[in-house]
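Shown here: model-v3.cif, mmCIF, N, CA and C atoms.
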```
data_query
#
loop_
_atom_site.label_atom_id
_atom_site.label_comp_id
_atom_site.auth_asym_id
_atom_site.auth_seq_id
_atom_site.Cartn_x
_atom_site.Cartn_y
_atom_site.Cartn_z
N SER A 1 120.52 142.60 66.23
CA SER A 1 119.55 141.53 66.42
C SER A 1 118.86 141.68 67.77
N SER A 2 117.53 141.56 67.77
CA SER A 2 116.80 141.72 69.03
C SER A 2 116.65 140.36 69.71
N ILE A 3 116.60 140.41 71.02
CA ILE A 3 116.47 139.19 71.81
C ILE A 3 114.99 138.92 72.05
N GLN A 4 114.57 137.73 71.71
CA GLN A 4 113.18 137.32 71.96
C GLN A 4 113.09 136.68 73.34
N ILE A 5 112.20 137.19 74.15
CA ILE A 5 111.99 136.59 75.48
C ILE A 5 110.68 135.81 75.44
N GLU A 6 110.82 134.53 75.61
CA GLU A 6 109.63 133.66 75.60
C GLU A 6 108.95 133.72 76.96
N PRO A 7 107.62 133.71 76.99
CA PRO A 7 106.94 133.64 78.28
C PRO A 7 107.26 132.30 78.95
N LEU A 8 107.33 132.32 80.26
CA LEU A 8 107.61 131.08 80.99
C LEU A 8 106.49 130.08 80.78
N ASN A 9 106.84 128.91 80.42
CA ASN A 9 105.85 127.84 80.28
C ASN A 9 105.98 126.96 81.52
N THR A 10 105.11 127.19 82.49
CA THR A 10 105.23 126.48 83.77
C THR A 10 105.02 124.98 83.60
N SER A 11 104.24 124.58 82.62
CA SER A 11 104.01 123.15 82.45
C SER A 11 105.31 122.43 82.05
N SER A 12 106.19 123.12 81.31
CA SER A 12 107.45 122.47 80.97
C SER A 12 108.42 122.48 82.16
N LEU A 13 108.30 123.51 83.02
CA LEU A 13 109.14 123.55 84.22
C LEU A 13 108.73 122.45 85.20
N MET A 14 107.44 122.26 85.34
CA MET A 14 106.92 121.27 86.26
C MET A 14 106.49 120.04 85.49
N ASN A 15 107.46 119.22 85.15
CA ASN A 15 107.10 118.01 84.44
C ASN A 15 106.53 116.97 85.40
N ASP A 16 106.03 115.91 84.86
CA ASP A 16 105.35 114.88 85.66
C ASP A 16 106.23 114.32 86.77
N LYS A 17 107.51 114.13 86.48
CA LYS A 17 108.43 113.58 87.48
C LYS A 17 108.57 114.51 88.68
N LYS A 18 108.69 115.81 88.42
CA LYS A 18 108.83 116.77 89.51
C LYS A 18 107.55 116.82 90.34
N ILE A 19 106.42 116.82 89.67
CA ILE A 19 105.13 116.84 90.38
C ILE A 19 105.00 115.59 91.24
N GLU A 20 105.34 114.44 90.65
CA GLU A 20 105.28 113.17 91.38
C GLU A 20 106.17 113.22 92.62
N TYR A 21 107.35 113.77 92.47
CA TYR A 21 108.30 113.90 93.59
C TYR A 21 107.71 114.77 94.71
N LEU A 22 107.11 115.90 94.34
CA LEU A 22 106.51 116.80 95.32
C LEU A 22 105.32 116.15 96.01
N VAL A 23 104.49 115.46 95.23
CA VAL A 23 103.33 114.76 95.79
C VAL A 23 103.78 113.69 96.79
N GLU A 24 104.82 112.96 96.44
CA GLU A 24 105.34 111.92 97.34
C GLU A 24 105.86 112.52 98.64
N GLY A 25 106.56 113.64 98.54
CA GLY A 25 107.09 114.31 99.74
C GLY A 25 105.98 114.77 100.67
N ILE A 26 104.96 115.39 100.10
CA ILE A 26 103.82 115.86 100.90
C ILE A 26 103.08 114.66 101.50
N SER A 27 102.89 113.62 100.70
CA SER A 27 102.18 112.42 101.17
C SER A 27 102.91 111.80 102.36
N LYS A 28 104.23 111.70 102.26
CA LYS A 28 105.04 111.13 103.34
C LYS A 28 104.83 111.93 104.63
N ASP A 29 104.87 113.25 104.52
CA ASP A 29 104.68 114.11 105.69
C ASP A 29 103.29 113.93 106.29
N ILE A 30 102.27 113.93 105.44
CA ILE A 30 100.90 113.86 105.93
C ILE A 30 100.62 112.52 106.61
N ILE A 31 101.17 111.45 106.04
CA ILE A 31 101.00 110.14 106.67
C ILE A 31 101.66 110.14 108.05
N ALA A 32 102.81 110.76 108.16
CA ALA A 32 103.49 110.89 109.46
C ALA A 32 102.65 111.72 110.43
N TYR A 33 102.06 112.83 109.95
CA TYR A 33 101.19 113.67 110.80
C TYR A 33 99.99 112.86 111.30
N LEU A 34 99.37 112.10 110.42
CA LEU A 34 98.21 111.29 110.80
C LEU A 34 98.58 110.28 111.89
N MET A 35 99.73 109.66 111.74
CA MET A 35 100.19 108.69 112.74
C MET A 35 100.46 109.38 114.07
N GLU A 36 101.12 110.52 114.01
CA GLU A 36 101.49 111.27 115.21
C GLU A 36 100.26 111.84 115.93
N ASP A 37 99.38 112.50 115.18
CA ASP A 37 98.24 113.20 115.79
C ASP A 37 97.10 112.28 116.19
N ASN A 38 96.95 111.17 115.48
CA ASN A 38 95.78 110.32 115.71
C ASN A 38 96.13 108.91 116.19
N GLY A 39 97.41 108.67 116.41
CA GLY A 39 97.84 107.35 116.86
C GLY A 39 97.54 106.24 115.87
N MET A 40 97.45 106.59 114.59
CA MET A 40 97.17 105.58 113.56
C MET A 40 98.43 104.78 113.27
N ASN A 41 98.24 103.54 112.84
CA ASN A 41 99.40 102.80 112.34
C ASN A 41 99.62 103.20 110.89
N LEU A 42 100.74 102.78 110.33
CA LEU A 42 101.14 103.19 108.98
C LEU A 42 100.08 102.80 107.94
N THR A 43 99.60 101.57 108.01
CA THR A 43 98.62 101.09 107.03
C THR A 43 97.34 101.93 107.05
N ASP A 44 96.84 102.22 108.25
CA ASP A 44 95.61 103.03 108.36
C ASP A 44 95.83 104.45 107.87
N ALA A 45 96.97 105.03 108.21
CA ALA A 45 97.28 106.40 107.79
C ALA A 45 97.36 106.51 106.27
N ILE A 46 98.02 105.53 105.65
CA ILE A 46 98.11 105.51 104.19
C ILE A 46 96.72 105.38 103.59
N SER A 47 95.93 104.49 104.12
CA SER A 47 94.58 104.25 103.61
C SER A 47 93.70 105.50 103.74
N VAL A 48 93.72 106.13 104.90
CA VAL A 48 92.92 107.34 105.12
C VAL A 48 93.30 108.42 104.11
N PHE A 49 94.60 108.66 103.97
CA PHE A 49 95.04 109.73 103.08
C PHE A 49 94.77 109.40 101.61
N HIS A 50 95.12 108.20 101.20
CA HIS A 50 94.97 107.83 99.78
C HIS A 50 93.51 107.72 99.35
N ASN A 51 92.60 107.54 100.28
CA ASN A 51 91.18 107.47 99.94
C ASN A 51 90.47 108.81 100.11
N SER A 52 91.24 109.86 100.39
CA SER A 52 90.63 111.17 100.64
C SER A 52 90.50 111.99 99.36
N GLU A 53 89.56 112.92 99.41
CA GLU A 53 89.39 113.90 98.33
C GLU A 53 90.63 114.80 98.26
N THR A 54 91.22 115.07 99.42
CA THR A 54 92.43 115.90 99.49
C THR A 54 93.55 115.27 98.67
N PHE A 55 93.73 113.96 98.80
CA PHE A 55 94.79 113.27 98.03
C PHE A 55 94.49 113.34 96.54
N ALA A 56 93.24 113.16 96.17
CA ALA A 56 92.85 113.25 94.75
C ALA A 56 93.20 114.64 94.20
N LYS A 57 92.93 115.68 94.98
CA LYS A 57 93.23 117.05 94.55
C LYS A 57 94.74 117.28 94.48
N LEU A 58 95.48 116.71 95.45
CA LEU A 58 96.93 116.83 95.46
C LEU A 58 97.53 116.22 94.19
N CYS A 59 96.97 115.12 93.74
CA CYS A 59 97.49 114.40 92.56
C CYS A 59 97.06 115.04 91.24
N ASP A 60 96.13 115.98 91.30
CA ASP A 60 95.66 116.67 90.10
C ASP A 60 96.53 117.90 89.86
N PRO A 61 97.39 117.87 88.84
CA PRO A 61 98.31 119.00 88.60
C PRO A 61 97.58 120.34 88.41
N ASN A 62 96.34 120.29 87.96
CA ASN A 62 95.59 121.53 87.71
C ASN A 62 95.26 122.30 88.98
N THR A 63 95.25 121.63 90.14
CA THR A 63 94.94 122.33 91.39
C THR A 63 96.14 123.12 91.91
N GLY A 64 97.35 122.70 91.50
CA GLY A 64 98.56 123.36 91.99
C GLY A 64 98.85 123.07 93.45
N LEU A 65 98.10 122.15 94.05
CA LEU A 65 98.25 121.85 95.48
C LEU A 65 99.64 121.28 95.79
N TYR A 66 100.24 120.65 94.80
CA TYR A 66 101.56 120.02 95.00
C TYR A 66 102.67 121.02 95.31
N ILE A 67 102.45 122.32 95.07
CA ILE A 67 103.48 123.31 95.40
C ILE A 67 103.25 123.94 96.78
N GLU A 68 102.17 123.55 97.44
CA GLU A 68 101.89 124.08 98.78
C GLU A 68 102.69 123.30 99.82
N SER A 69 102.71 123.81 101.04
CA SER A 69 103.42 123.11 102.11
C SER A 69 102.62 121.90 102.57
N SER A 70 103.33 120.94 103.14
CA SER A 70 102.68 119.75 103.70
C SER A 70 101.68 120.15 104.78
N ALA A 71 102.05 121.14 105.60
CA ALA A 71 101.17 121.58 106.69
C ALA A 71 99.86 122.15 106.14
N TYR A 72 99.94 122.91 105.06
CA TYR A 72 98.74 123.49 104.43
C TYR A 72 97.81 122.38 103.91
N VAL A 73 98.40 121.41 103.22
CA VAL A 73 97.61 120.30 102.67
C VAL A 73 97.00 119.49 103.82
N TYR A 74 97.75 119.33 104.90
CA TYR A 74 97.25 118.59 106.07
C TYR A 74 96.04 119.30 106.69
N GLU A 75 96.08 120.63 106.74
CA GLU A 75 94.92 121.38 107.26
C GLU A 75 93.68 121.11 106.42
N ILE A 76 93.85 121.03 105.09
CA ILE A 76 92.73 120.72 104.21
C ILE A 76 92.20 119.32 104.52
N LEU A 77 93.12 118.37 104.69
CA LEU A 77 92.71 117.00 105.02
C LEU A 77 91.97 116.94 106.35
N LYS A 78 92.48 117.64 107.36
CA LYS A 78 91.82 117.63 108.68
C LYS A 78 90.40 118.17 108.58
N THR A 79 90.22 119.22 107.78
CA THR A 79 88.88 119.77 107.56
C THR A 79 87.99 118.74 106.87
N GLU A 80 88.55 118.08 105.85
CA GLU A 80 87.78 117.04 105.14
C GLU A 80 87.38 115.92 106.09
N LEU A 81 88.30 115.49 106.93
CA LEU A 81 88.00 114.39 107.86
C LEU A 81 86.97 114.82 108.91
N ARG A 82 87.01 116.09 109.31
CA ARG A 82 86.08 116.59 110.31
C ARG A 82 84.67 116.75 109.74
N PHE A 83 84.57 117.27 108.51
CA PHE A 83 83.26 117.60 107.94
C PHE A 83 82.81 116.65 106.84
N GLY A 84 83.65 115.69 106.50
CA GLY A 84 83.28 114.72 105.46
C GLY A 84 83.46 115.23 104.05
N LYS A 85 83.95 116.47 103.94
CA LYS A 85 84.21 117.02 102.60
C LYS A 85 85.19 118.17 102.76
N ILE A 86 85.75 118.59 101.64
CA ILE A 86 86.66 119.74 101.67
C ILE A 86 85.82 121.00 101.76
N THR A 87 86.06 121.79 102.80
CA THR A 87 85.40 123.09 102.89
C THR A 87 86.49 124.14 103.04
N LEU A 88 86.42 125.14 102.23
CA LEU A 88 87.39 126.23 102.33
C LEU A 88 86.76 127.34 103.14
N GLU A 89 87.15 127.39 104.41
CA GLU A 89 86.53 128.35 105.34
C GLU A 89 87.15 129.73 105.19
#
```
Same coordinates, now as structure tokens:
Amino acid sequence: SSIQIEPLNTSSLMNDKKIEYLVEGISKDIIAYLMEDNGMNLTDAISVFHNSETFAKLCDPNTGLYIESSAYVYEILKTELRFGKITLE
């Protein structure tokens, strides 16, 4: 009997709960970075991040941004805040 090897289905590996968990972890870090780097209070930091295009992209599983490091996502946010939009330089 031959062994059938199924191709990896990444969507089944990364279910909604796992993605949500990763997004929450990155969000927590970024909010902390905003508070630390810009002297924002918690409410302002949450508001800035949650209203950003970067956060929208992080929450979209199709971008794959949720598997990147918090620092990488923060760099994208800083660029967005500086230029008013996401620019990939």
- Protein and nucleic acid residues near (102.3, 118.5, 87.5) (cut-off 6 Å, only C-alpha atoms) as a ChimeraX atom specification: /A:14-16,19,61
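Residues matched by the PyMOL selection byres (((chain A and resi 24-40 and name CA) around 8) and name CA) in this file: Glu20, Tyr21, Leu22, Val23, Asn41, Leu42, Asp44, Ala45, Ile46, Phe49, Tyr66, Ser69, Ser70, Ala71, Val73 and Tyr74 of chain A.
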- Could you pull out all residues of stretch 11-65 of chain A with a DSSP call of alpha helix (DSSP H) and give them as an MDAnalysis selection string? chainID A and resid 11:13 16:38 42:50 53:59
For the selection you just gave me, I'd like the residues written to a file as a short mmCIF file (atom, residue, chain, number, x, y, z; two decimals), keeping the file's coordinate frame, keeping N, CA and C atoms.
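For reference, out.cif as written:
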```
data_model
loop_
_atom_site.label_atom_id
_atom_site.label_comp_id
_atom_site.auth_asym_id
_atom_site.auth_seq_id
_atom_site.Cartn_x
_atom_site.Cartn_y
_atom_site.Cartn_z
N SER A 11 104.24 124.58 82.62
CA SER A 11 104.01 123.15 82.45
C SER A 11 105.31 122.43 82.05
N SER A 12 106.19 123.12 81.31
CA SER A 12 107.45 122.47 80.97
C SER A 12 108.42 122.48 82.16
N LEU A 13 108.30 123.51 83.02
CA LEU A 13 109.14 123.55 84.22
C LEU A 13 108.73 122.45 85.20
N ASP A 16 106.03 115.91 84.86
CA ASP A 16 105.35 114.88 85.66
C ASP A 16 106.23 114.32 86.77
N LYS A 17 107.51 114.13 86.48
CA LYS A 17 108.43 113.58 87.48
C LYS A 17 108.57 114.51 88.68
N LYS A 18 108.69 115.81 88.42
CA LYS A 18 108.83 116.77 89.51
C LYS A 18 107.55 116.82 90.34
N ILE A 19 106.42 116.82 89.67
CA ILE A 19 105.13 116.84 90.38
C ILE A 19 105.00 115.59 91.24
N GLU A 20 105.34 114.44 90.65
CA GLU A 20 105.28 113.17 91.38
C GLU A 20 106.17 113.22 92.62
N TYR A 21 107.35 113.77 92.47
CA TYR A 21 108.30 113.90 93.59
C TYR A 21 107.71 114.77 94.71
N LEU A 22 107.11 115.90 94.34
CA LEU A 22 106.51 116.80 95.32
C LEU A 22 105.32 116.15 96.01
N VAL A 23 104.49 115.46 95.23
CA VAL A 23 103.33 114.76 95.79
C VAL A 23 103.78 113.69 96.79
N GLU A 24 104.82 112.96 96.44
CA GLU A 24 105.34 111.92 97.34
C GLU A 24 105.86 112.52 98.64
N GLY A 25 106.56 113.64 98.54
CA GLY A 25 107.09 114.31 99.74
C GLY A 25 105.98 114.77 100.67
N ILE A 26 104.96 115.39 100.10
CA ILE A 26 103.82 115.86 100.90
C ILE A 26 103.08 114.66 101.50
N SER A 27 102.89 113.62 100.70
CA SER A 27 102.18 112.42 101.17
C SER A 27 102.91 111.80 102.36
N LYS A 28 104.23 111.70 102.26
CA LYS A 28 105.04 111.13 103.34
C LYS A 28 104.83 111.93 104.63
N ASP A 29 104.87 113.25 104.52
CA ASP A 29 104.68 114.11 105.69
C ASP A 29 103.29 113.93 106.29
N ILE A 30 102.27 113.93 105.44
CA ILE A 30 100.90 113.86 105.93
C ILE A 30 100.62 112.52 106.61
N ILE A 31 101.17 111.45 106.04
CA ILE A 31 101.00 110.14 106.67
C ILE A 31 101.66 110.14 108.05
N ALA A 32 102.81 110.76 108.16
CA ALA A 32 103.49 110.89 109.46
C ALA A 32 102.65 111.72 110.43
N TYR A 33 102.06 112.83 109.95
CA TYR A 33 101.19 113.67 110.80
C TYR A 33 99.99 112.86 111.30
N LEU A 34 99.37 112.10 110.42
CA LEU A 34 98.21 111.29 110.80
C LEU A 34 98.58 110.28 111.89
N MET A 35 99.73 109.66 111.74
CA MET A 35 100.19 108.69 112.74
C MET A 35 100.46 109.38 114.07
N GLU A 36 101.12 110.52 114.01
CA GLU A 36 101.49 111.27 115.21
C GLU A 36 100.26 111.84 115.93
N ASP A 37 99.38 112.50 115.18
CA ASP A 37 98.24 113.20 115.79
C ASP A 37 97.10 112.28 116.19
N ASN A 38 96.95 111.17 115.48
CA ASN A 38 95.78 110.32 115.71
C ASN A 38 96.13 108.91 116.19
N LEU A 42 100.74 102.78 110.33
CA LEU A 42 101.14 103.19 108.98
C LEU A 42 100.08 102.80 107.94
N THR A 43 99.60 101.57 108.01
CA THR A 43 98.62 101.09 107.03
C THR A 43 97.34 101.93 107.05
N ASP A 44 96.84 102.22 108.25
CA ASP A 44 95.61 103.03 108.36
C ASP A 44 95.83 104.45 107.87
N ALA A 45 96.97 105.03 108.21
CA ALA A 45 97.28 106.40 107.79
C ALA A 45 97.36 106.51 106.27
N ILE A 46 98.02 105.53 105.65
CA ILE A 46 98.11 105.51 104.19
C ILE A 46 96.72 105.38 103.59
N SER A 47 95.93 104.49 104.12
CA SER A 47 94.58 104.25 103.61
C SER A 47 93.70 105.50 103.74
N VAL A 48 93.72 106.13 104.90
CA VAL A 48 92.92 107.34 105.12
C VAL A 48 93.30 108.42 104.11
N PHE A 49 94.60 108.66 103.97
CA PHE A 49 95.04 109.73 103.08
C PHE A 49 94.77 109.40 101.61
N HIS A 50 95.12 108.20 101.20
CA HIS A 50 94.97 107.83 99.78
C HIS A 50 93.51 107.72 99.35
N GLU A 53 89.56 112.92 99.41
CA GLU A 53 89.39 113.90 98.33
C GLU A 53 90.63 114.80 98.26
N THR A 54 91.22 115.07 99.42
CA THR A 54 92.43 115.90 99.49
C THR A 54 93.55 115.27 98.67
N PHE A 55 93.73 113.96 98.80
CA PHE A 55 94.79 113.27 98.03
C PHE A 55 94.49 113.34 96.54
N ALA A 56 93.24 113.16 96.17
CA ALA A 56 92.85 113.25 94.75
C ALA A 56 93.20 114.64 94.20
N LYS A 57 92.93 115.68 94.98
CA LYS A 57 93.23 117.05 94.55
C LYS A 57 94.74 117.28 94.48
N LEU A 58 95.48 116.71 95.45
CA LEU A 58 96.93 116.83 95.46
C LEU A 58 97.53 116.22 94.19
N CYS A 59 96.97 115.12 93.74
CA CYS A 59 97.49 114.40 92.56
C CYS A 59 97.06 115.04 91.24
#
```
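Atom N of A:Leu58 to atom N of A:Leu81 spans 13.6 Å [interatomic distance, one decimal].
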Saving stretch 8-88 of chain A with C-alpha atoms, as a compact mmCIF listing (two decimals), in the first residue's frame, what would that file be?
```
# COMPACT_ATOMS: atom_id res chain seq x y z
CA LEU A 8 -0.27 21.22 3.68
CA ASN A 9 -3.44 23.23 3.98
CA THR A 10 -2.24 26.33 5.78
CA SER A 11 -5.77 27.63 6.26
CA SER A 12 -6.58 24.62 8.44
CA LEU A 13 -3.34 25.08 10.40
CA MET A 14 -4.07 28.74 10.99
CA ASN A 15 -7.62 28.73 12.20
CA ASP A 16 -9.42 31.89 13.25
CA LYS A 17 -8.58 31.43 16.94
CA LYS A 18 -4.85 31.18 16.26
CA ILE A 19 -4.93 34.23 13.99
CA GLU A 20 -6.91 36.15 16.60
CA TYR A 21 -4.35 35.18 19.25
CA LEU A 22 -1.44 36.37 17.08
CA VAL A 23 -3.21 39.62 16.19
CA GLU A 24 -3.88 40.30 19.87
CA GLY A 25 -0.23 39.68 20.77
CA ILE A 26 1.04 42.04 18.07
CA SER A 27 -1.59 44.65 18.99
CA LYS A 28 -0.57 44.54 22.66
CA ASP A 29 3.09 45.10 21.70
CA ILE A 30 2.34 47.92 19.28
CA ILE A 31 0.14 49.74 21.78
CA ALA A 32 3.00 49.49 24.29
CA TYR A 33 5.47 50.83 21.66
CA LEU A 34 3.17 53.78 20.90
CA MET A 35 2.93 54.63 24.60
CA GLU A 36 6.69 54.28 25.10
CA ASP A 37 7.85 56.12 21.95
CA ASN A 38 5.24 58.86 21.83
CA GLY A 39 4.23 59.31 25.45
CA MET A 40 0.63 58.40 24.58
CA ASN A 41 -1.77 57.19 27.22
CA LEU A 42 -3.37 53.76 26.80
CA THR A 43 -6.66 55.08 25.39
CA ASP A 44 -4.94 57.21 22.72
CA ALA A 45 -2.54 54.42 21.75
CA ILE A 46 -5.41 51.95 21.31
CA SER A 47 -7.38 54.49 19.29
CA VAL A 48 -4.45 55.37 17.01
CA PHE A 49 -3.66 51.74 16.28
CA HIS A 50 -7.22 50.47 15.91
CA ASN A 51 -8.10 53.29 13.51
CA SER A 52 -5.05 52.68 11.31
CA GLU A 53 -4.82 51.03 7.91
CA THR A 54 -2.02 48.92 9.41
CA PHE A 55 -4.45 47.42 11.96
CA ALA A 56 -6.99 46.70 9.21
CA LYS A 57 -4.29 44.86 7.23
CA LEU A 58 -3.14 42.98 10.36
CA CYS A 59 -6.72 41.73 10.90
CA ASP A 60 -7.04 40.58 7.28
CA PRO A 61 -5.82 36.95 7.19
CA ASN A 62 -5.08 37.27 3.46
CA THR A 63 -2.20 39.70 4.11
CA GLY A 64 -0.36 37.20 6.33
CA LEU A 65 0.78 40.16 8.45
CA TYR A 66 -0.24 38.31 11.62
CA ILE A 67 2.78 35.99 11.28
CA GLU A 68 5.26 38.88 11.15
CA SER A 69 7.04 40.27 14.19
CA SER A 70 5.50 43.06 16.25
CA ALA A 71 8.52 45.24 15.41
CA TYR A 72 7.96 44.76 11.66
CA VAL A 73 4.27 45.67 11.92
CA TYR A 74 5.19 48.69 14.08
CA GLU A 75 7.56 49.94 11.36
CA ILE A 76 4.65 49.79 8.89
CA LEU A 77 2.47 51.74 11.34
CA LYS A 78 5.18 54.38 11.90
CA THR A 79 5.44 54.87 8.13
CA GLU A 80 1.65 55.16 7.88
CA LEU A 81 1.56 57.72 10.70
CA ARG A 82 4.40 59.72 9.13
CA PHE A 83 3.04 59.77 5.56
CA GLY A 84 -0.68 59.33 6.16
CA LYS A 85 -0.72 56.03 4.30
CA ILE A 86 1.11 52.73 4.09
CA THR A 87 4.12 53.06 1.81
CA LEU A 88 6.41 50.15 1.20
```
